[in-house]
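So this block is start_6.csv, CSV, C-alpha atoms and all ligand atoms:
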chain,number,residue,atom,x,y,z
A,116,MET,CA,32.4,-16.1,2.2
A,117,ASN,CA,33.7,-15.1,-1.1
A,118,ALA,CA,34.3,-17.3,-4.1
A,119,LEU,CA,35.7,-17.6,-7.6
A,120,LEU,CA,33.2,-18.4,-10.3
A,121,LEU,CA,34.3,-19.6,-13.8
A,122,LEU,CA,31.8,-19.9,-16.6
A,123,ARG,CA,32.5,-21.4,-20.0
A,124,HIS,CA,30.4,-19.7,-22.7
A,125,GLY,CA,27.2,-21.2,-24.0
A,126,GLN,CA,27.1,-23.2,-27.3
A,127,SER,CA,28.5,-21.1,-30.2
A,128,ASP,CA,27.6,-21.3,-33.9
A,129,TRP,CA,30.9,-23.2,-34.5
A,130,ASN,CA,30.4,-25.5,-31.5
A,131,ALA,CA,27.1,-26.5,-33.1
A,132,GLN,CA,28.9,-27.0,-36.5
A,133,ASN,CA,31.7,-28.9,-34.8
A,134,ARG,CA,34.4,-26.5,-36.2
A,135,PHE,CA,37.7,-25.4,-34.5
A,136,THR,CA,37.1,-21.9,-33.3
A,137,GLY,CA,39.9,-20.5,-31.2
A,138,PHE,CA,40.3,-16.7,-31.7
A,139,VAL,CA,37.5,-16.5,-34.3
A,140,ASP,CA,34.7,-14.3,-32.9
A,141,VAL,CA,31.6,-16.4,-33.5
A,142,ASP,CA,28.3,-15.7,-31.7
A,143,LEU,CA,26.2,-17.9,-29.5
A,144,THR,CA,23.4,-20.0,-30.9
A,145,GLU,CA,19.9,-19.7,-29.5
A,146,ALA,CA,20.7,-22.9,-27.5
A,147,GLY,CA,23.8,-21.2,-26.2
A,148,GLU,CA,21.9,-18.2,-25.1
A,149,ALA,CA,19.5,-20.4,-23.2
A,150,GLU,CA,22.4,-22.2,-21.6
A,151,ALA,CA,23.8,-18.8,-20.5
A,152,ARG,CA,20.5,-17.8,-18.9
A,153,LYS,CA,20.3,-21.2,-17.2
A,154,GLY,CA,23.8,-20.8,-15.8
A,155,GLY,CA,22.7,-17.3,-14.6
A,156,ARG,CA,19.8,-18.8,-12.7
A,157,ALA,CA,22.2,-21.1,-10.9
A,158,LEU,CA,24.0,-17.9,-9.7
A,159,ARG,CA,21.0,-16.4,-8.0
A,160,GLY,CA,21.8,-15.1,-4.6
A,161,MET,CA,25.5,-15.0,-5.2
A,162,PRO,CA,27.0,-11.7,-4.0
A,163,ILE,CA,29.1,-11.1,-7.2
A,164,ASP,CA,31.4,-8.1,-6.9
A,165,ARG,CA,33.2,-8.1,-10.3
A,166,LEU,CA,32.9,-9.5,-13.8
A,167,TYR,CA,35.6,-10.5,-16.2
A,168,ALA,CA,35.4,-12.0,-19.7
A,169,SER,CA,37.5,-12.5,-22.7
A,170,THR,CA,37.2,-10.1,-25.6
A,171,LEU,CA,35.3,-12.7,-27.7
A,172,LYS,CA,31.6,-12.1,-27.9
A,173,ARG,CA,30.6,-15.7,-27.0
A,174,ALA,CA,32.3,-15.2,-23.6
A,175,TYR,CA,31.1,-11.7,-22.7
A,176,ARG,CA,27.6,-12.2,-24.1
A,177,THR,CA,27.3,-15.3,-21.9
A,178,VAL,CA,28.2,-13.2,-18.9
A,179,GLU,CA,25.7,-10.6,-19.8
A,180,LEU,CA,22.9,-13.1,-20.4
A,181,ALA,CA,23.8,-14.9,-17.2
A,182,MET,CA,23.7,-11.7,-15.2
A,183,ASP,CA,20.3,-10.7,-16.7
A,184,ALA,CA,18.9,-14.1,-15.6
A,185,CYS,CA,20.7,-13.9,-12.2
A,186,GLY,CA,18.8,-10.8,-11.0
A,187,ASP,CA,20.0,-8.2,-8.5
A,188,ASN,CA,23.7,-7.2,-8.7
A,189,GLU,CA,22.5,-3.7,-9.9
A,190,LYS,CA,25.8,-2.2,-8.7
A,191,LEU,CA,27.5,-4.0,-11.6
A,192,ARG,CA,25.7,-2.0,-14.2
A,193,ASP,CA,27.0,1.3,-15.7
A,194,ALA,CA,25.0,4.5,-16.1
A,195,GLU,CA,23.4,3.1,-19.3
A,196,GLY,CA,22.4,-0.1,-17.7
A,197,HIS,CA,25.1,-2.3,-19.3
A,198,TRP,CA,27.0,-4.8,-17.3
A,199,ILE,CA,30.5,-3.6,-16.3
A,200,ILE,CA,32.7,-6.4,-17.5
A,201,THR,CA,36.5,-6.2,-17.6
A,202,ARG,CA,37.5,-7.8,-21.0
A,203,HIS,CA,40.9,-9.0,-21.8
A,204,ASP,CA,42.6,-10.8,-24.7
A,205,ASP,CA,44.5,-13.0,-22.3
A,206,LEU,CA,41.3,-14.7,-21.4
A,207,ARG,CA,40.6,-15.7,-25.0
A,208,GLU,CA,40.2,-19.3,-26.2
A,209,ARG,CA,43.4,-21.1,-27.3
A,210,ASP,CA,44.5,-20.0,-30.7
A,211,TYR,CA,43.7,-22.9,-33.0
A,212,GLY,CA,46.0,-21.4,-35.8
A,213,ASP,CA,45.6,-23.1,-39.1
A,214,LEU,CA,42.8,-25.4,-37.8
A,215,ALA,CA,40.4,-22.5,-37.1
A,216,GLY,CA,37.3,-22.9,-39.2
A,217,LEU,CA,37.9,-26.6,-40.1
A,218,ASN,CA,35.4,-29.2,-39.2
A,219,LYS,CA,36.8,-31.4,-36.4
A,220,ALA,CA,35.5,-34.7,-37.8
A,221,GLU,CA,36.8,-34.0,-41.3
A,222,THR,CA,40.2,-33.0,-39.8
A,223,ALA,CA,40.3,-36.3,-37.9
A,224,GLU,CA,39.6,-38.1,-41.2
A,225,ARG,CA,42.4,-36.2,-42.9
A,226,TYR,CA,45.1,-36.3,-40.3
A,227,GLY,CA,44.0,-39.2,-38.2
A,228,LYS,CA,42.1,-39.3,-34.9
A,229,GLU,CA,45.2,-39.6,-32.8
A,230,GLN,CA,46.9,-36.6,-34.3
A,231,VAL,CA,43.8,-34.5,-33.9
A,232,HIS,CA,43.4,-35.7,-30.3
A,233,ILE,CA,47.0,-34.6,-29.6
A,234,TRP,CA,46.3,-31.2,-31.1
A,235,ARG,CA,43.2,-30.8,-29.0
A,236,ARG,CA,44.1,-32.4,-25.7
A,237,SER,CA,47.9,-32.8,-25.3
A,238,TYR,CA,49.5,-30.3,-22.9
A,239,ASP,CA,52.4,-29.0,-24.8
A,240,VAL,CA,51.9,-29.9,-28.5
A,241,ALA,CA,50.5,-26.9,-30.4
A,242,PRO,CA,48.2,-27.2,-33.4
A,243,PRO,CA,49.9,-25.8,-36.5
A,244,GLY,CA,50.2,-22.0,-36.2
A,245,GLY,CA,48.4,-22.1,-32.9
A,246,GLU,CA,48.8,-22.4,-29.1
A,247,SER,CA,49.3,-25.4,-26.9
A,248,LEU,CA,47.5,-25.6,-23.6
A,249,ALA,CA,50.9,-24.8,-22.0
A,250,ASP,CA,51.0,-21.6,-24.0
A,251,VAL,CA,47.5,-20.7,-22.7
A,252,VAL,CA,48.6,-21.4,-19.1
A,253,ALA,CA,51.5,-19.0,-19.8
A,254,ARG,CA,49.2,-16.1,-20.7
A,255,VAL,CA,46.2,-16.9,-18.4
A,256,GLY,CA,48.3,-17.6,-15.4
A,257,PRO,CA,50.0,-14.2,-15.1
A,258,TYR,CA,46.7,-12.5,-15.9
A,259,TYR,CA,45.0,-14.4,-13.1
A,260,GLU,CA,47.8,-13.7,-10.6
A,261,ARG,CA,47.9,-10.0,-11.5
A,262,GLU,CA,44.3,-9.1,-11.9
A,263,ILE,CA,42.0,-11.7,-10.3
A,264,LEU,CA,43.8,-13.2,-7.3
A,265,PRO,CA,44.2,-9.7,-5.6
A,266,LYS,CA,40.5,-9.2,-5.8
A,267,LEU,CA,39.8,-12.7,-4.3
A,268,ARG,CA,42.3,-11.9,-1.5
A,269,ALA,CA,40.5,-8.7,-0.8
A,270,GLY,CA,37.3,-10.7,-0.2
A,271,GLU,CA,35.5,-10.2,-3.5
A,272,THR,CA,33.4,-12.7,-5.4
A,273,VAL,CA,34.5,-12.7,-9.0
A,274,LEU,CA,32.8,-14.2,-12.1
A,275,VAL,CA,35.0,-15.0,-15.1
A,276,GLY,CA,33.4,-15.7,-18.5
A,277,ALA,CA,35.9,-17.8,-20.5
A,278,HIS,CA,36.3,-20.7,-22.9
A,279,GLY,CA,36.9,-24.5,-22.7
A,280,ASN,CA,40.7,-24.3,-23.0
A,281,THR,CA,41.1,-21.2,-20.8
A,282,VAL,CA,39.1,-22.9,-18.1
A,283,ARG,CA,41.2,-26.0,-18.5
A,284,ALA,CA,44.4,-23.8,-18.3
A,285,LEU,CA,43.1,-22.1,-15.2
A,286,LEU,CA,42.5,-25.5,-13.6
A,287,VAL,CA,46.2,-26.1,-14.0
A,288,VAL,CA,47.1,-22.6,-12.8
A,289,LEU,CA,44.9,-23.1,-9.7
A,290,GLY,CA,46.4,-26.5,-8.9
A,291,MET,CA,43.2,-28.4,-9.4
A,292,ASN,CA,44.8,-30.5,-12.2
A,293,THR,CA,48.3,-31.2,-13.5
A,294,PRO,CA,49.7,-31.0,-17.0
A,295,ASP,CA,49.5,-34.9,-16.9
A,296,ASP,CA,45.8,-35.3,-16.0
A,297,ILE,CA,44.2,-32.2,-17.6
A,298,SER,CA,43.9,-34.0,-21.0
A,299,GLY,CA,41.0,-36.0,-19.6
A,300,VAL,CA,39.0,-32.9,-18.4
A,301,GLU,CA,36.1,-31.5,-20.5
A,302,ILE,CA,34.2,-28.4,-19.5
A,303,PRO,CA,30.5,-28.2,-20.2
A,304,THR,CA,29.1,-25.0,-21.8
A,305,GLY,CA,27.2,-22.6,-19.7
A,306,VAL,CA,27.5,-24.3,-16.3
A,307,PRO,CA,29.1,-22.1,-13.6
A,308,MET,CA,31.9,-23.6,-11.6
A,309,LEU,CA,32.1,-22.5,-7.9
A,310,PHE,CA,35.6,-22.5,-6.3
A,311,GLU,CA,35.9,-22.4,-2.6
A,312,LEU,CA,38.8,-20.3,-1.3
A,313,LYS,CA,41.4,-20.5,1.5
A,314,ASP,CA,43.4,-17.3,2.0
A,315,GLY,CA,42.1,-16.2,-1.4
A,316,ARG,CA,43.4,-19.4,-3.2
A,317,PRO,CA,40.9,-21.9,-4.6
A,318,THR,CA,41.0,-25.3,-2.8
A,319,ALA,CA,38.1,-27.2,-4.5
A,320,TYR,CA,35.3,-26.7,-7.0
A,321,ARG,CA,31.9,-27.9,-8.0
A,322,PHE,CA,29.5,-27.3,-10.9
A,323,LEU,CA,26.3,-25.3,-10.2
A,324,ASP,CA,23.4,-26.7,-12.1
A,325,GLY,CA,20.9,-24.1,-13.4
A,326,GLU,CA,17.9,-26.3,-13.6
A,327,ALA,CA,18.3,-27.7,-10.2
A,328,ALA,CA,18.7,-24.2,-8.8
A,329,ALA,CA,15.6,-23.0,-10.7
A,330,GLU,CA,13.5,-25.8,-9.2
B,401,LIG,O1,37.2,-25.1,-31.1
B,401,LIG,C1,37.6,-24.5,-30.0
B,401,LIG,O2,38.0,-23.4,-29.9
B,401,LIG,C2,37.6,-25.4,-28.8
B,401,LIG,C3,36.4,-25.2,-27.9
B,401,LIG,O3,35.2,-25.3,-28.6
B,401,LIG,O4,37.6,-26.7,-29.2
B,401,LIG,P1,38.3,-28.0,-28.4
B,401,LIG,O5,37.3,-28.4,-27.4
B,401,LIG,O6,38.5,-28.9,-29.5
B,401,LIG,O7,39.6,-27.5,-27.8
What does the file become when written as structure tokens?
Ligand SMILES: O=C(O)[C@@H](CO)OP(=O)(O)O
Amino acid sequence: MNALLLLRHGQSDWNAQNRFTGFVDVDLTEAGEAEARKGGRALRGMPIDRLYASTLKRAYRTVELAMDACGDNEKLRDAEGHWIITRHDDLRERDYGDLAGLNKAETAERYGKEQVHIWRRSYDVAPPGGESLADVVARVGPYYEREILPKLRAGETVLVGAHGNTVRALLVVLGMNTPDDISGVEIPTGVPMLFELKDGRPTAYRFLDGEAAAE
């Protein structure tokens, strides 16, 4: 049985500092690296055929660390021993535009909690100079249909290393959530999500907990 696996990156420097990140290419914290390894342990025994990630290092480094901790899957390494990961800009985090780099709590004090919540969690209101979740759906959806869905239909198990808002966008693309109820969905860092498939299309998902798997 094949599956789709989504993995939000581990904690980043700017997650830890509570700053809007978006397209800014910040690295993982040590805690984020540990989360990635823990997520990888939860993937042990999964017959993974293909790896995808965004072009941002917090996403592809999470996939690399998870795969290191996962063991096996040697066919997914290149001649130099690096993990073969298809990286694409369409899988990047939502562009936070003018908010990138700002502290989230300070921004809420300045513009009001409600306004900041709208920028962060509404479906179709974009933060100034940035992308709404609907914009992210419009770039992630076609990439998924074009690149990933055919692999699932061919029977492959695919791991995608992504971001909070690209995972949320994919939940809409996959029909797990709607534009109306996605605002209440938060994605934990470094915890793999396993999607069951029917005719290559995801029908349901659950989180795989690394610690439980390690025990
Ligand atoms: O700052 C960001 O890029 C994202 C993810 O960390 O933040 P938010 O959860 O507010 O959309």
Closest-contact table, chain A side, partner ligand LIG 401 (chain B), 9 Å, counting all atoms listed in the file, as CSV:
residue,atom,partner,partner_atom,distance
A:Gln126,CA,B:LIG401,O3,8.5
A:Ser127,CA,B:LIG401,O3,8.1
A:Trp129,CA,B:LIG401,O1,7.4
A:Asn130,CA,B:LIG401,O3,5.6
A:Asn133,CA,B:LIG401,O1,7.6
A:Arg134,CA,B:LIG401,O1,6.0
A:Phe135,CA,B:LIG401,O1,3.4
A:Thr136,CA,B:LIG401,O2,3.8
A:Gly137,CA,B:LIG401,O2,3.7
A:Phe138,CA,B:LIG401,O2,7.3
A:Val139,CA,B:LIG401,O2,8.2
A:Glu208,CA,B:LIG401,O2,5.9
A:Arg209,CA,B:LIG401,O2,6.4
A:Asp210,CA,B:LIG401,O2,7.4
A:Tyr211,CA,B:LIG401,O2,6.5
A:Leu214,CA,B:LIG401,O1,8.7
A:Ala215,CA,B:LIG401,O1,7.3
A:Gly216,CA,B:LIG401,O1,8.4
A:Lys219,CA,B:LIG401,O6,7.5
A:Val231,CA,B:LIG401,O6,8.9
A:His232,CA,B:LIG401,O6,8.4
A:Trp234,CA,B:LIG401,O6,8.3
A:Arg235,CA,B:LIG401,O7,5.0
A:Arg236,CA,B:LIG401,O7,7.0
A:His278,CA,B:LIG401,C3,6.7
A:Gly279,CA,B:LIG401,C3,5.3
A:Asn280,CA,B:LIG401,O7,5.9
A:Glu301,CA,B:LIG401,O5,7.7
A:Ile302,CA,B:LIG401,O5,8.5
Expected file contents, prior selection, C-alpha atoms, as a compact mmCIF listing (two decimals), in the frame of the given file:
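Final output, again36.txt:
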# COMPACT_ATOMS: atom_id res chain seq x y z
CA GLN A 126 27.10 -23.20 -27.30
CA SER A 127 28.50 -21.10 -30.20
CA TRP A 129 30.90 -23.20 -34.50
CA ASN A 130 30.40 -25.50 -31.50
CA ASN A 133 31.70 -28.90 -34.80
CA ARG A 134 34.40 -26.50 -36.20
CA PHE A 135 37.70 -25.40 -34.50
CA THR A 136 37.10 -21.90 -33.30
CA GLY A 137 39.90 -20.50 -31.20
CA PHE A 138 40.30 -16.70 -31.70
CA VAL A 139 37.50 -16.50 -34.30
CA GLU A 208 40.20 -19.30 -26.20
CA ARG A 209 43.40 -21.10 -27.30
CA ASP A 210 44.50 -20.00 -30.70
CA TYR A 211 43.70 -22.90 -33.00
CA LEU A 214 42.80 -25.40 -37.80
CA ALA A 215 40.40 -22.50 -37.10
CA GLY A 216 37.30 -22.90 -39.20
CA LYS A 219 36.80 -31.40 -36.40
CA VAL A 231 43.80 -34.50 -33.90
CA HIS A 232 43.40 -35.70 -30.30
CA TRP A 234 46.30 -31.20 -31.10
CA ARG A 235 43.20 -30.80 -29.00
CA ARG A 236 44.10 -32.40 -25.70
CA HIS A 278 36.30 -20.70 -22.90
CA GLY A 279 36.90 -24.50 -22.70
CA ASN A 280 40.70 -24.30 -23.00
CA GLU A 301 36.10 -31.50 -20.50
CA ILE A 302 34.20 -28.40 -19.50
message = What's the separation between CA of Lys190 (chain A) and CA of Arg173 (chain A), in Å to one decimal place?
response =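 Computed distance, CA of Lys190 (chain A) to CA of Arg173 (chain A), equals 23.2 Å.
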request  = May I ask for the distance between CA of Pro242 (chain A) and CA of Gln230 (chain A), given in Å to one decimal place?
outcome  = 9.5 Å
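Taking CA of Arg156 (chain A) and CA of Glu189 (chain A) as the two end points, the separation is 15.6 Å.
Distances to Gly276 (chain A) were evaluated for A:Pro317, A:Gly299, A:Gly305, A:Gly290 using only C-alpha atoms, and the minimum falls at A:Gly305.
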request  = Just the residues within 12 Å of Arg254 (chain A), please, counting all atoms listed in the file, with nothing from its chain fewer than 6 positions along; format it as a ChimeraX atom specification.
outcome  = /A:203-210,246-248,260-261,281,284-285,288
Mind listing as a PDB file with C-alpha atoms, keeping the file's coordinate frame all residues within 8 Å of (46.3, -28.7, -13.1), counting only C-alpha atoms?
ATOM      1  CA  ARG A 283      41.200 -26.000 -18.500  1.00  0.00           C
ATOM      2  CA  ALA A 284      44.400 -23.800 -18.300  1.00  0.00           C
ATOM      3  CA  LEU A 285      43.100 -22.100 -15.200  1.00  0.00           C
ATOM      4  CA  LEU A 286      42.500 -25.500 -13.600  1.00  0.00           C
ATOM      5  CA  VAL A 287      46.200 -26.100 -14.000  1.00  0.00           C
ATOM      6  CA  VAL A 288      47.100 -22.600 -12.800  1.00  0.00           C
ATOM      7  CA  LEU A 289      44.900 -23.100  -9.700  1.00  0.00           C
ATOM      8  CA  GLY A 290      46.400 -26.500  -8.900  1.00  0.00           C
ATOM      9  CA  MET A 291      43.200 -28.400  -9.400  1.00  0.00           C
ATOM     10  CA  ASN A 292      44.800 -30.500 -12.200  1.00  0.00           C
ATOM     11  CA  THR A 293      48.300 -31.200 -13.500  1.00  0.00           C
ATOM     12  CA  PRO A 294      49.700 -31.000 -17.000  1.00  0.00           C
ATOM     13  CA  ASP A 295      49.500 -34.900 -16.900  1.00  0.00           C
ATOM     14  CA  ASP A 296      45.800 -35.300 -16.000  1.00  0.00           C
ATOM     15  CA  ILE A 297      44.200 -32.200 -17.600  1.00  0.00           C
TER      16      ILE A 297
END
message = Using only C-alpha atoms for the distances, tell me which of A:Val252, A:Leu122, A:Ala131, A:Ile163 is nearest to Glu271 (chain A).
response = A:Ile163
ask   = Which residues, protein or nucleic acid, reach to within 12 Å of (26.8, -6.0, -11.8) in the file's coordinates when using all atoms listed in the file, and can you give that as a VMD selection string?
value = chain A and resid 161 to 167 178 to 194 196 to 201 272 to 274
message = With only C-alpha atoms as the counted atoms, please give the residues lying no more than 8 Å from Ala174 (chain A), apart from itself and same-chain residues fewer than 4 positions off, as a PyMOL selection string.
response = chain A and resi 123-125+168-170+178+276-278
Save the residues we just selected, C-alpha atoms, as a PDB file, keeping the file's coordinate frame?
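Final file, part_0.pdb:
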ATOM      1  CA  ARG A 123      32.500 -21.400 -20.000  1.00  0.00           C
ATOM      2  CA  HIS A 124      30.400 -19.700 -22.700  1.00  0.00           C
ATOM      3  CA  GLY A 125      27.200 -21.200 -24.000  1.00  0.00           C
ATOM      4  CA  ALA A 168      35.400 -12.000 -19.700  1.00  0.00           C
ATOM      5  CA  SER A 169      37.500 -12.500 -22.700  1.00  0.00           C
ATOM      6  CA  THR A 170      37.200 -10.100 -25.600  1.00  0.00           C
ATOM      7  CA  VAL A 178      28.200 -13.200 -18.900  1.00  0.00           C
ATOM      8  CA  GLY A 276      33.400 -15.700 -18.500  1.00  0.00           C
ATOM      9  CA  ALA A 277      35.900 -17.800 -20.500  1.00  0.00           C
ATOM     10  CA  HIS A 278      36.300 -20.700 -22.900  1.00  0.00           C
TER      11      HIS A 278
END
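Distance annotation: of A:Leu267, A:Val275, A:Leu217, A:Gln132, the residue with the minimal separation from Glu311 (chain A) is A:Leu267; atom set is all atoms listed in the file.
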request  = May I have the residues within 8 Å of Gly154 (chain A) as a ChimeraX atom specification, using all atoms listed in the file and disregarding those fewer than 6 positions away in the same chain?
outcome  = /A:181,305-307,323-325
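Minimum atom-to-atom distances from A:Pro303, A:Arg159, A:Gly227, A:Lys313 to Gly147 (chain A) were compared using all atoms listed in the file, and the lowest value belongs to A:Pro303.
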